[in-house]
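Colleague: So here's model-v4.tsv, just TSV, C-alpha atoms:
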```tsv
chain	number	residue	atom	x	y	z
S	1	MET	CA	-81.70	-110.89	-288.42
S	2	ILE	CA	-85.12	-112.34	-289.15
S	3	ASN	CA	-87.81	-112.03	-286.47
S	4	LEU	CA	-88.87	-115.69	-286.41
S	5	LYS	CA	-92.14	-115.04	-284.60
S	6	VAL	CA	-93.31	-112.71	-287.37
S	7	PHE	CA	-91.79	-114.97	-290.06
S	8	PHE	CA	-93.85	-117.93	-288.83
S	9	ARG	CA	-96.94	-115.72	-288.65
S	10	GLY	CA	-96.45	-115.09	-292.36
S	11	LEU	CA	-95.88	-118.79	-292.96
S	12	ARG	CA	-99.17	-119.57	-291.20
S	13	SER	CA	-101.00	-117.56	-293.90
S	14	LEU	CA	-101.08	-120.84	-295.80
S	15	LYS	CA	-103.66	-122.18	-293.34
S	16	GLY	CA	-107.32	-121.33	-292.86
S	17	ALA	CA	-110.36	-120.24	-294.87
S	18	ARG	CA	-108.30	-117.87	-297.04
S	19	SER	CA	-105.57	-120.41	-297.63
S	20	PRO	CA	-103.66	-120.10	-300.91
S	21	ALA	CA	-102.23	-123.60	-300.46
S	22	ILE	CA	-104.97	-125.40	-302.41
S	23	PRO	CA	-104.93	-123.24	-305.58
S	24	LEU	CA	-101.13	-123.11	-305.47
S	25	ALA	CA	-100.95	-126.88	-305.11
S	26	THR	CA	-103.38	-127.59	-307.94
S	27	CYS	CA	-101.78	-125.29	-310.48
S	28	PHE	CA	-98.25	-126.48	-309.76
S	29	ILE	CA	-99.36	-130.14	-309.84
S	30	ALA	CA	-100.78	-129.40	-313.31
S	31	LEU	CA	-97.51	-127.64	-314.23
S	32	GLY	CA	-95.41	-130.60	-313.04
S	33	ALA	CA	-97.43	-132.95	-315.25
S	34	LEU	CA	-97.16	-130.54	-318.19
S	35	LEU	CA	-93.38	-130.23	-317.81
S	36	LYS	CA	-93.06	-134.01	-317.91
S	37	ASP	CA	-95.03	-134.03	-321.18
S	38	ALA	CA	-92.72	-131.30	-322.50
S	39	GLY	CA	-89.69	-133.58	-321.96
S	40	PHE	CA	-88.34	-132.25	-318.65
S	41	ASN	CA	-86.88	-134.66	-316.11
S	42	LEU	CA	-87.74	-134.54	-312.38
S	43	GLN	CA	-84.78	-132.31	-311.43
S	44	GLN	CA	-85.40	-129.89	-314.30
S	45	SER	CA	-89.10	-129.58	-313.36
S	46	ALA	CA	-88.21	-128.79	-309.75
S	47	ALA	CA	-85.49	-126.37	-310.85
S	48	SER	CA	-87.98	-124.52	-313.06
S	49	SER	CA	-90.28	-123.75	-310.10
S	50	PHE	CA	-87.32	-123.23	-307.71
S	51	PHE	CA	-85.62	-120.60	-309.89
S	52	THR	CA	-88.56	-119.07	-311.77
S	53	TYR	CA	-91.62	-119.48	-309.51
S	54	ALA	CA	-94.02	-117.69	-311.88
S	55	LEU	CA	-96.55	-119.99	-313.47
S	56	PRO	CA	-97.50	-118.03	-316.63
S	57	GLY	CA	-93.82	-117.61	-317.54
S	58	GLN	CA	-93.14	-121.30	-316.93
S	59	LEU	CA	-96.08	-122.20	-319.19
S	60	VAL	CA	-94.74	-119.89	-321.90
S	61	MET	CA	-91.30	-121.51	-321.58
S	62	ALA	CA	-92.70	-125.05	-321.88
S	63	GLU	CA	-94.88	-124.18	-324.87
S	64	SER	CA	-92.06	-122.23	-326.56
S	65	LEU	CA	-89.72	-125.22	-326.19
S	66	LEU	CA	-92.33	-127.51	-327.73
S	67	VAL	CA	-92.53	-125.33	-330.86
S	68	GLY	CA	-88.72	-125.00	-331.05
S	69	ALA	CA	-88.45	-121.28	-330.18
S	70	SER	CA	-84.97	-119.77	-329.73
S	71	LEU	CA	-83.62	-118.85	-326.27
S	72	LEU	CA	-83.89	-115.15	-327.15
S	73	ASN	CA	-87.55	-115.59	-328.11
S	74	ILE	CA	-88.19	-117.44	-324.84
S	75	PHE	CA	-86.49	-114.65	-322.87
S	76	ILE	CA	-88.58	-111.92	-324.54
S	77	ALA	CA	-91.86	-113.86	-324.30
S	78	VAL	CA	-91.30	-114.68	-320.60
S	79	TRP	CA	-90.18	-111.13	-319.81
S	80	LEU	CA	-93.35	-109.73	-321.40
S	81	VAL	CA	-95.69	-112.14	-319.65
S	82	ASN	CA	-93.93	-111.72	-316.29
S	83	PHE	CA	-93.42	-107.97	-316.54
S	84	ARG	CA	-96.45	-107.58	-314.26
S	85	LEU	CA	-94.07	-108.52	-311.41
S	86	TYR	CA	-92.36	-105.11	-311.75
S	87	PRO	CA	-95.40	-102.92	-310.87
S	88	MET	CA	-96.49	-105.55	-308.33
S	89	THR	CA	-93.12	-105.26	-306.53
S	90	VAL	CA	-93.17	-101.45	-306.62
S	91	SER	CA	-96.72	-101.43	-305.23
S	92	LEU	CA	-95.82	-103.78	-302.36
S	93	PHE	CA	-92.24	-103.22	-301.19
S	94	PRO	CA	-92.67	-99.58	-300.09
S	95	LEU	CA	-95.31	-100.89	-297.67
S	96	LEU	CA	-92.72	-103.29	-296.19
S	97	LYS	CA	-89.87	-100.78	-295.94
S	98	HIS	CA	-88.23	-99.92	-292.63
S	99	LYS	CA	-84.91	-98.14	-292.17
S	100	SER	CA	-83.74	-100.67	-289.56
S	101	GLN	CA	-84.01	-103.57	-292.01
S	102	PRO	CA	-81.03	-104.57	-294.23
S	103	LYS	CA	-81.40	-104.28	-298.00
S	104	TRP	CA	-80.46	-107.91	-298.65
S	105	LYS	CA	-83.81	-109.00	-297.24
S	106	TYR	CA	-85.62	-107.01	-299.94
S	107	TYR	CA	-83.28	-108.07	-302.76
S	108	LEU	CA	-83.49	-111.77	-301.88
S	109	SER	CA	-87.17	-111.93	-300.94
S	110	CYS	CA	-88.28	-110.27	-304.18
S	111	HIS	CA	-87.89	-113.77	-305.66
S	112	PHE	CA	-90.95	-114.80	-303.61
S	113	LEU	CA	-93.12	-112.25	-305.40
S	114	ALA	CA	-95.94	-113.99	-307.23
S	115	VAL	CA	-99.66	-113.30	-307.55
S	116	THR	CA	-100.59	-115.47	-304.56
S	117	SER	CA	-98.04	-114.08	-302.13
S	118	TRP	CA	-98.67	-110.52	-303.33
S	119	LEU	CA	-102.42	-110.74	-302.78
S	120	ILE	CA	-101.96	-112.22	-299.27
S	121	ALA	CA	-99.41	-109.56	-298.32
S	122	LYS	CA	-101.58	-106.71	-299.64
S	123	ASP	CA	-104.50	-108.18	-297.71
S	124	SER	CA	-102.72	-108.50	-294.36
S	125	TYR	CA	-99.69	-106.16	-294.09
S	126	LYS	CA	-101.59	-103.63	-291.95
S	127	LYS	CA	-101.85	-106.15	-289.11
S	128	ILE	CA	-98.05	-106.25	-288.77
S	129	ASP	CA	-95.75	-103.72	-287.10
S	130	GLN	CA	-94.00	-101.80	-289.93
S	131	ARG	CA	-90.57	-102.74	-288.59
S	132	TYR	CA	-91.18	-106.47	-289.08
S	133	ARG	CA	-93.32	-106.46	-292.23
S	134	ILE	CA	-90.42	-107.69	-294.37
S	135	ASP	CA	-90.07	-110.74	-292.07
S	136	PHE	CA	-93.81	-111.36	-292.38
S	137	TRP	CA	-93.44	-111.14	-296.17
S	138	MET	CA	-90.52	-113.57	-296.13
S	139	GLY	CA	-92.70	-116.03	-294.20
S	140	ILE	CA	-95.53	-115.76	-296.73
S	141	GLY	CA	-93.11	-115.99	-299.65
S	142	PHE	CA	-91.12	-118.92	-298.29
S	143	GLY	CA	-94.35	-120.86	-297.64
S	144	THR	CA	-95.85	-120.26	-301.08
S	145	TRP	CA	-92.54	-120.83	-302.89
S	146	THR	CA	-91.77	-124.15	-301.17
S	147	THR	CA	-95.36	-125.28	-301.78
S	148	ALA	CA	-94.91	-124.50	-305.48
S	149	VAL	CA	-91.64	-126.45	-305.75
S	150	LEU	CA	-92.98	-129.48	-303.84
S	151	MET	CA	-96.21	-129.58	-305.83
S	152	THR	CA	-94.31	-129.39	-309.13
S	153	LEU	CA	-92.46	-132.55	-308.03
S	154	ILE	CA	-95.72	-134.24	-306.99
S	155	GLY	CA	-97.38	-133.23	-310.29
S	156	TYR	CA	-94.45	-134.69	-312.21
S	157	LEU	CA	-94.65	-137.98	-310.27
S	158	LEU	CA	-98.48	-138.17	-310.56
S	159	SER	CA	-98.65	-137.24	-314.24
S	160	ASP	CA	-99.30	-140.82	-315.37
S	161	TYR	CA	-102.37	-140.97	-313.11
S	162	LEU	CA	-103.89	-137.63	-314.17
S	163	ASN	CA	-106.27	-137.80	-317.12
S	164	LYS	CA	-107.16	-134.83	-319.30
S	165	ASP	CA	-110.37	-133.91	-317.42
S	166	MET	CA	-108.53	-133.91	-314.10
S	167	MET	CA	-105.84	-131.65	-315.57
S	168	ILE	CA	-108.50	-129.24	-316.90
S	169	GLY	CA	-110.18	-129.23	-313.48
S	170	LEU	CA	-106.85	-128.43	-311.78
S	171	ALA	CA	-106.04	-125.68	-314.27
S	172	ILE	CA	-109.20	-123.61	-313.56
S	173	VAL	CA	-108.54	-123.43	-309.78
S	174	ASN	CA	-105.82	-120.80	-310.04
S	175	PRO	CA	-107.75	-118.14	-312.04
S	176	VAL	CA	-110.85	-118.71	-309.89
S	177	TYR	CA	-108.84	-118.19	-306.69
S	178	PHE	CA	-107.14	-115.07	-308.08
S	179	PHE	CA	-110.44	-113.59	-309.28
S	180	CYS	CA	-112.00	-114.10	-305.82
S	181	MET	CA	-108.96	-112.44	-304.18
S	182	MET	CA	-109.14	-109.53	-306.65
S	183	ILE	CA	-112.84	-109.03	-305.98
S	184	ASP	CA	-112.07	-108.97	-302.27
S	185	ALA	CA	-109.44	-106.29	-302.94
S	186	MET	CA	-111.94	-104.00	-304.72
S	187	LYS	CA	-112.41	-101.76	-301.70
S	188	SER	CA	-111.87	-98.42	-303.48
S	189	VAL	CA	-113.29	-97.05	-306.72
S	190	SER	CA	-109.85	-96.79	-308.35
S	191	ILE	CA	-108.93	-100.43	-307.61
S	192	SER	CA	-112.36	-101.52	-308.84
S	193	ILE	CA	-111.82	-99.63	-312.12
S	194	ALA	CA	-108.32	-101.12	-312.41
S	195	VAL	CA	-109.58	-104.70	-311.89
S	196	ILE	CA	-112.66	-104.45	-314.12
S	197	GLY	CA	-110.80	-102.47	-316.81
S	198	GLY	CA	-107.87	-104.88	-316.82
S	199	THR	CA	-110.16	-107.93	-317.00
S	200	LEU	CA	-111.97	-106.52	-320.03
S	201	LEU	CA	-108.97	-105.04	-321.80
S	202	GLY	CA	-106.65	-108.05	-321.32
S	203	PRO	CA	-108.55	-110.36	-323.72
S	204	ALA	CA	-109.55	-107.41	-325.98
S	205	VAL	CA	-105.94	-106.29	-326.59
S	206	TYR	CA	-104.91	-109.95	-326.97
S	207	LEU	CA	-106.92	-110.02	-330.21
S	208	PHE	CA	-104.47	-107.48	-331.68
S	209	SER	CA	-101.21	-108.35	-329.93
S	210	THR	CA	-100.70	-111.66	-328.18
S	211	GLU	CA	-97.32	-110.80	-326.61
S	212	TRP	CA	-97.98	-107.21	-325.52
S	213	ALA	CA	-101.61	-107.68	-324.44
S	214	ILE	CA	-101.08	-107.92	-320.67
S	215	LEU	CA	-98.63	-105.03	-320.53
S	216	PHE	CA	-100.71	-102.67	-322.71
S	217	ALA	CA	-104.02	-103.57	-321.07
S	218	GLY	CA	-102.50	-103.15	-317.60
S	219	LEU	CA	-100.96	-99.77	-318.42
S	220	ILE	CA	-104.15	-98.42	-320.03
S	221	ALA	CA	-106.62	-99.64	-317.38
S	222	GLY	CA	-104.26	-98.80	-314.50
S	223	THR	CA	-103.65	-95.26	-315.78
S	224	ILE	CA	-107.41	-94.67	-316.25
S	225	ALA	CA	-108.01	-95.88	-312.68
S	226	PHE	CA	-105.19	-93.64	-311.38
S	227	LEU	CA	-106.52	-90.58	-313.24
S	228	PHE	CA	-110.00	-91.26	-311.91
S	229	GLU	CA	-108.60	-91.49	-308.39
S	230	GLY	CA	-106.74	-88.19	-308.84
S	231	LYS	CA	-109.79	-86.44	-310.26
S	232	ASN	CA	-112.16	-87.64	-307.56
S	233	GLY	CA	-109.74	-87.69	-304.66
S	234	TYR	CA	-110.47	-91.23	-303.50
Y	1	MET	CA	-76.46	-129.27	-328.10
Y	2	GLY	CA	-78.69	-131.97	-326.54
Y	3	THR	CA	-82.33	-131.58	-325.47
Y	4	SER	CA	-81.31	-131.62	-321.82
Y	5	ASP	CA	-78.87	-128.73	-322.34
Y	6	ILE	CA	-81.54	-126.71	-324.16
Y	7	ILE	CA	-83.99	-127.26	-321.29
Y	8	ILE	CA	-81.39	-126.14	-318.73
Y	9	LEU	CA	-80.65	-122.99	-320.75
Y	10	ALA	CA	-84.39	-122.35	-321.16
Y	11	ILE	CA	-84.83	-122.59	-317.36
Y	12	PHE	CA	-81.93	-120.16	-316.94
Y	13	VAL	CA	-83.28	-117.53	-319.38
Y	14	THR	CA	-86.81	-117.89	-317.96
Y	15	SER	CA	-85.53	-117.38	-314.41
Y	16	LEU	CA	-83.41	-114.42	-315.51
Y	17	ALA	CA	-86.31	-112.74	-317.37
Y	18	THR	CA	-88.55	-113.23	-314.34
Y	19	PHE	CA	-86.07	-112.16	-311.65
Y	20	LEU	CA	-85.21	-109.05	-313.68
Y	21	SER	CA	-88.73	-107.64	-313.21
Y	22	ARG	CA	-88.74	-108.51	-309.49
Y	23	PHE	CA	-85.27	-107.10	-308.80
Y	24	LEU	CA	-85.87	-103.88	-310.77
Y	25	GLY	CA	-89.10	-103.53	-308.80
Y	26	ALA	CA	-87.18	-103.91	-305.51
Y	27	LEU	CA	-84.63	-101.28	-306.63
Y	28	THR	CA	-87.33	-98.84	-307.76
Y	29	SER	CA	-89.20	-99.32	-304.46
Y	30	GLU	CA	-86.27	-97.83	-302.53
Y	31	ASN	CA	-87.12	-94.38	-303.90
Y	32	VAL	CA	-90.90	-94.64	-303.82
Y	33	SER	CA	-92.91	-93.28	-300.90
Y	34	ILE	CA	-96.31	-94.80	-300.16
Y	35	LYS	CA	-97.77	-91.29	-300.05
Y	36	SER	CA	-96.54	-90.39	-303.55
Y	37	LYS	CA	-98.57	-90.28	-306.75
Y	38	VAL	CA	-96.07	-92.67	-308.33
Y	39	PHE	CA	-96.92	-95.31	-305.74
Y	40	GLN	CA	-100.67	-94.84	-306.38
Y	41	TRP	CA	-100.10	-95.22	-310.12
Y	42	PHE	CA	-98.01	-98.38	-309.68
Y	43	ASN	CA	-100.69	-99.76	-307.39
Y	44	CYS	CA	-103.42	-99.23	-310.00
Y	45	VAL	CA	-101.22	-100.62	-312.80
Y	46	ALA	CA	-100.33	-103.69	-310.68
Y	47	TYR	CA	-103.99	-104.55	-310.09
Y	48	SER	CA	-104.99	-103.91	-313.72
Y	49	THR	CA	-102.04	-105.89	-315.15
Y	50	LEU	CA	-102.94	-108.81	-312.93
Y	51	ALA	CA	-106.60	-108.53	-313.93
Y	52	ALA	CA	-105.57	-108.42	-317.61
Y	53	LEU	CA	-103.62	-111.65	-317.13
Y	54	LEU	CA	-106.61	-113.30	-315.42
Y	55	GLY	CA	-109.01	-112.13	-318.13
Y	56	ARG	CA	-106.69	-113.59	-320.74
Y	57	MET	CA	-106.34	-116.85	-318.77
Y	58	ILE	CA	-110.12	-117.33	-318.82
Y	59	ILE	CA	-110.93	-116.13	-322.37
Y	60	PHE	CA	-107.74	-117.19	-324.19
Y	61	PRO	CA	-106.13	-119.79	-321.91
Y	62	ALA	CA	-102.82	-121.53	-322.51
Y	63	GLY	CA	-102.15	-125.21	-321.81
Y	64	VAL	CA	-104.82	-127.79	-320.97
Y	65	LEU	CA	-107.45	-125.21	-320.06
Y	66	SER	CA	-107.77	-124.36	-323.76
Y	67	ASP	CA	-109.32	-127.83	-324.25
Y	68	SER	CA	-112.42	-126.76	-322.29
Y	69	ASP	CA	-115.30	-124.68	-323.70
Y	70	LEU	CA	-115.32	-120.96	-322.98
Y	71	ILE	CA	-118.94	-121.07	-321.84
Y	72	TYR	CA	-118.08	-123.74	-319.24
Y	73	ARG	CA	-115.15	-121.68	-317.93
Y	74	LEU	CA	-117.43	-118.64	-317.60
Y	75	ILE	CA	-120.14	-120.70	-315.83
Y	76	VAL	CA	-117.57	-122.07	-313.37
Y	77	LEU	CA	-116.00	-118.67	-312.74
Y	78	SER	CA	-119.31	-116.85	-312.17
Y	79	SER	CA	-120.70	-119.66	-309.94
Y	80	CYS	CA	-117.56	-119.69	-307.79
Y	81	ILE	CA	-117.51	-115.89	-307.47
Y	82	PHE	CA	-121.18	-116.01	-306.41
Y	83	ILE	CA	-120.35	-118.63	-303.76
Y	84	PHE	CA	-117.32	-116.64	-302.60
Y	85	ILE	CA	-119.35	-113.44	-302.13
Y	86	ASN	CA	-122.31	-115.15	-300.46
Y	87	PHE	CA	-120.48	-117.59	-298.16
Y	88	LYS	CA	-118.41	-115.37	-295.84
Y	89	ARG	CA	-115.74	-114.83	-298.51
Y	90	ASN	CA	-114.32	-118.30	-297.87
Y	91	LEU	CA	-111.73	-119.04	-300.57
Y	92	VAL	CA	-111.28	-122.77	-300.06
Y	93	MET	CA	-114.86	-123.75	-300.95
Y	94	PRO	CA	-115.13	-122.04	-304.38
Y	95	THR	CA	-111.62	-123.07	-305.44
Y	96	ILE	CA	-112.22	-126.76	-304.70
Y	97	LEU	CA	-115.65	-126.60	-306.30
Y	98	SER	CA	-114.24	-125.01	-309.47
Y	99	ALA	CA	-112.08	-128.05	-310.23
Y	100	PHE	CA	-114.92	-130.55	-309.83
Y	101	LEU	CA	-117.45	-128.36	-311.66
Y	102	LEU	CA	-115.28	-127.80	-314.75
Y	103	ALA	CA	-114.22	-131.46	-314.90
Y	104	PHE	CA	-117.91	-132.44	-314.68
Y	105	LEU	CA	-119.13	-129.91	-317.27
Y	106	ASN	CA	-116.34	-130.85	-319.65
Y	107	ASN	CA	-117.60	-134.45	-319.58
Y	108	PHE	CA	-121.27	-133.48	-319.84
```
The structure given in the file should be rewritten as structure tokens.

Modeller:
Amino acid sequence: MINLKVFFRGLRSLKGARSPAIPLATCFIALGALLKDAGFNLQQSAASSFFTYALPGQLVMAESLLVGASLLNIFIAVWLVNFRLYPMTVSLFPLLKHKSQPKWKYYLSCHFLAVTSWLIAKDSYKKIDQRYRIDFWMGIGFGTWTTAVLMTLIGYLLSDYLNKDMMIGLAIVNPVYFFCMMIDAMKSVSISIAVIGGTLLGPAVYLFSTEWAILFAGLIAGTIAFLFEGKNGY
Amino acid sequence: MGTSDIIILAIFVTSLATFLSRFLGALTSENVSIKSKVFQWFNCVAYSTLAALLGRMIIFPAGVLSDSDLIYRLIVLSSCIFIFINFKRNLVMPTILSAFLLAFLNNF
């Protein structure tokens, strides 16, 4: 079963000077207000964060609905924008693997994988005994996921009190937090190349292909970083 | 089909499209060793894909952020990164500041 001591240690990652709670809260408050504008009711807004829990995909869904896109178009657009979750999972879960742990923990807890939880786990997994890392991850994931769902509800309820400038202010918090976390993760040359290359290529490729930009830019910059690592043995 | 039904179906397809990437990632992970080249490649691609998303969010944002000027977003981002690096890598301070700074600049 779950080692509760380690689980709560993961849950406590939401506190302190490196807390992801504030950026998570602000972006999901903004999302809650946006979903209300897009015609969602309170339950539908909560369900969106409960079942999807991936902000860029949820934004794509809301904007696609507003322009009357088909369900197939929404599926493809969301899959493309959230495809980053595939390499993120493959680059995290092997670090959490232990033969004594049941597979259901990995299959269920992959739902908690989002940028925030991934960055925290990558930052702190070494401090945890390998056997219980999956429980630590579940603690981080449960904390960030429940925060997201609750803040979507709060954003929905507060939407009438949030003016446009406040919404813009809330929306910048998430990318700023992620950029700071990424800069903190640039501890090897290959990761530094991956981060800088991805940041530059993402908007550049977007000029040519809006839907495939993130995937192409990520593959190109990531492969260059990997080849550089192989060549120089970092 | 009513609007409410369309929204419910949209939530379903969005969740499915998102969970697919996560679940396939969990399945693939079972056969990936942390010492393998494949793992190193996925690690680099994960960081670069995330960085590409962030770069796009700042330069070509979706939603309300697109109503702010690019120069203001860049000023806020660079100021907050400077604060983050120079103030013990505290994440709370620059993230709170970013909201106030952009709201202020946007009204300036």

Colleague: For each of S:Ser209, S:Ser19, S:Asn174, S:Ser48, take the minimum atom-to-atom distance to Leu150 (chain S), counting all atoms listed in the file, then give the residue where this is smallest.

Modeller: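 With all atoms listed in the file as the atom set, the closest residue is S:Ser48.
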
Colleague: CA of Leu31 (chain S) and CA of Phe42 (chain Y), how far apart in Å?

Modeller: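 That distance, rounded to one decimal, is 29.6 Å.
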
Colleague: Given only C-alpha atoms as the basis, pick out the residue of S:Pro87, S:Gly16, S:Gly155, S:Gly141 nearest to chain Y.

Modeller: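 Among the listed residues, S:Pro87 lies closest to chain Y.
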
Colleague: Smallest atom-to-atom distance to Leu50 (chain Y): which of S:Leu11, S:Leu65, S:Met88, S:Ala171, using all atoms listed in the file?

Modeller: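 Of S:Leu11, S:Leu65, S:Met88, S:Ala171, the one nearest Leu50 (chain Y), counting all atoms listed in the file, is S:Met88.
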
Colleague: Excluding Phe226 (chain S) and any residue of its chain fewer than 5 positions from it, enumerate the residues within 7 Å of it, using all atoms listed in the file, and give them as a PDB file with C-alpha atoms, in the frame of the given file.

Modeller:
```pdb
ATOM      1  CA  SER S 190    -109.850 -96.790-308.350  1.00  0.00           C
TER       2      SER S 190
ATOM      3  CA  GLN Y  40    -100.670 -94.840-306.380  1.00  0.00           C
ATOM      4  CA  TRP Y  41    -100.100 -95.220-310.120  1.00  0.00           C
ATOM      5  CA  CYS Y  44    -103.420 -99.230-310.000  1.00  0.00           C
TER       6      CYS Y  44
END
```

Colleague: Could you name the residues that touch Ser66 (chain Y) at 10 Å or less, counting only C-alpha atoms, but leaving out those on the same chain fewer than 5 positions away, as an MDAnalysis selection string?

Modeller: (chainID S and resid 168 171) or (chainID Y and resid 57:61 73)

Colleague: Contacts of region 31-35 of chain Y at 12 Å or less, counting all atoms listed in the file, minus same-chain residues fewer than 4 places along, as a PyMOL selection string?

Modeller: (chain S and resi 87+89-98) or (chain Y and resi 24-27+39-43)

Colleague: So which one's closest to Cys80 (chain Y), S:Val78, S:Ala38, S:Cys110, S:Val173? Using all atoms listed in the file, please.

Modeller: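 Answer, going by the shortest atom-to-atom distance: S:Val173.
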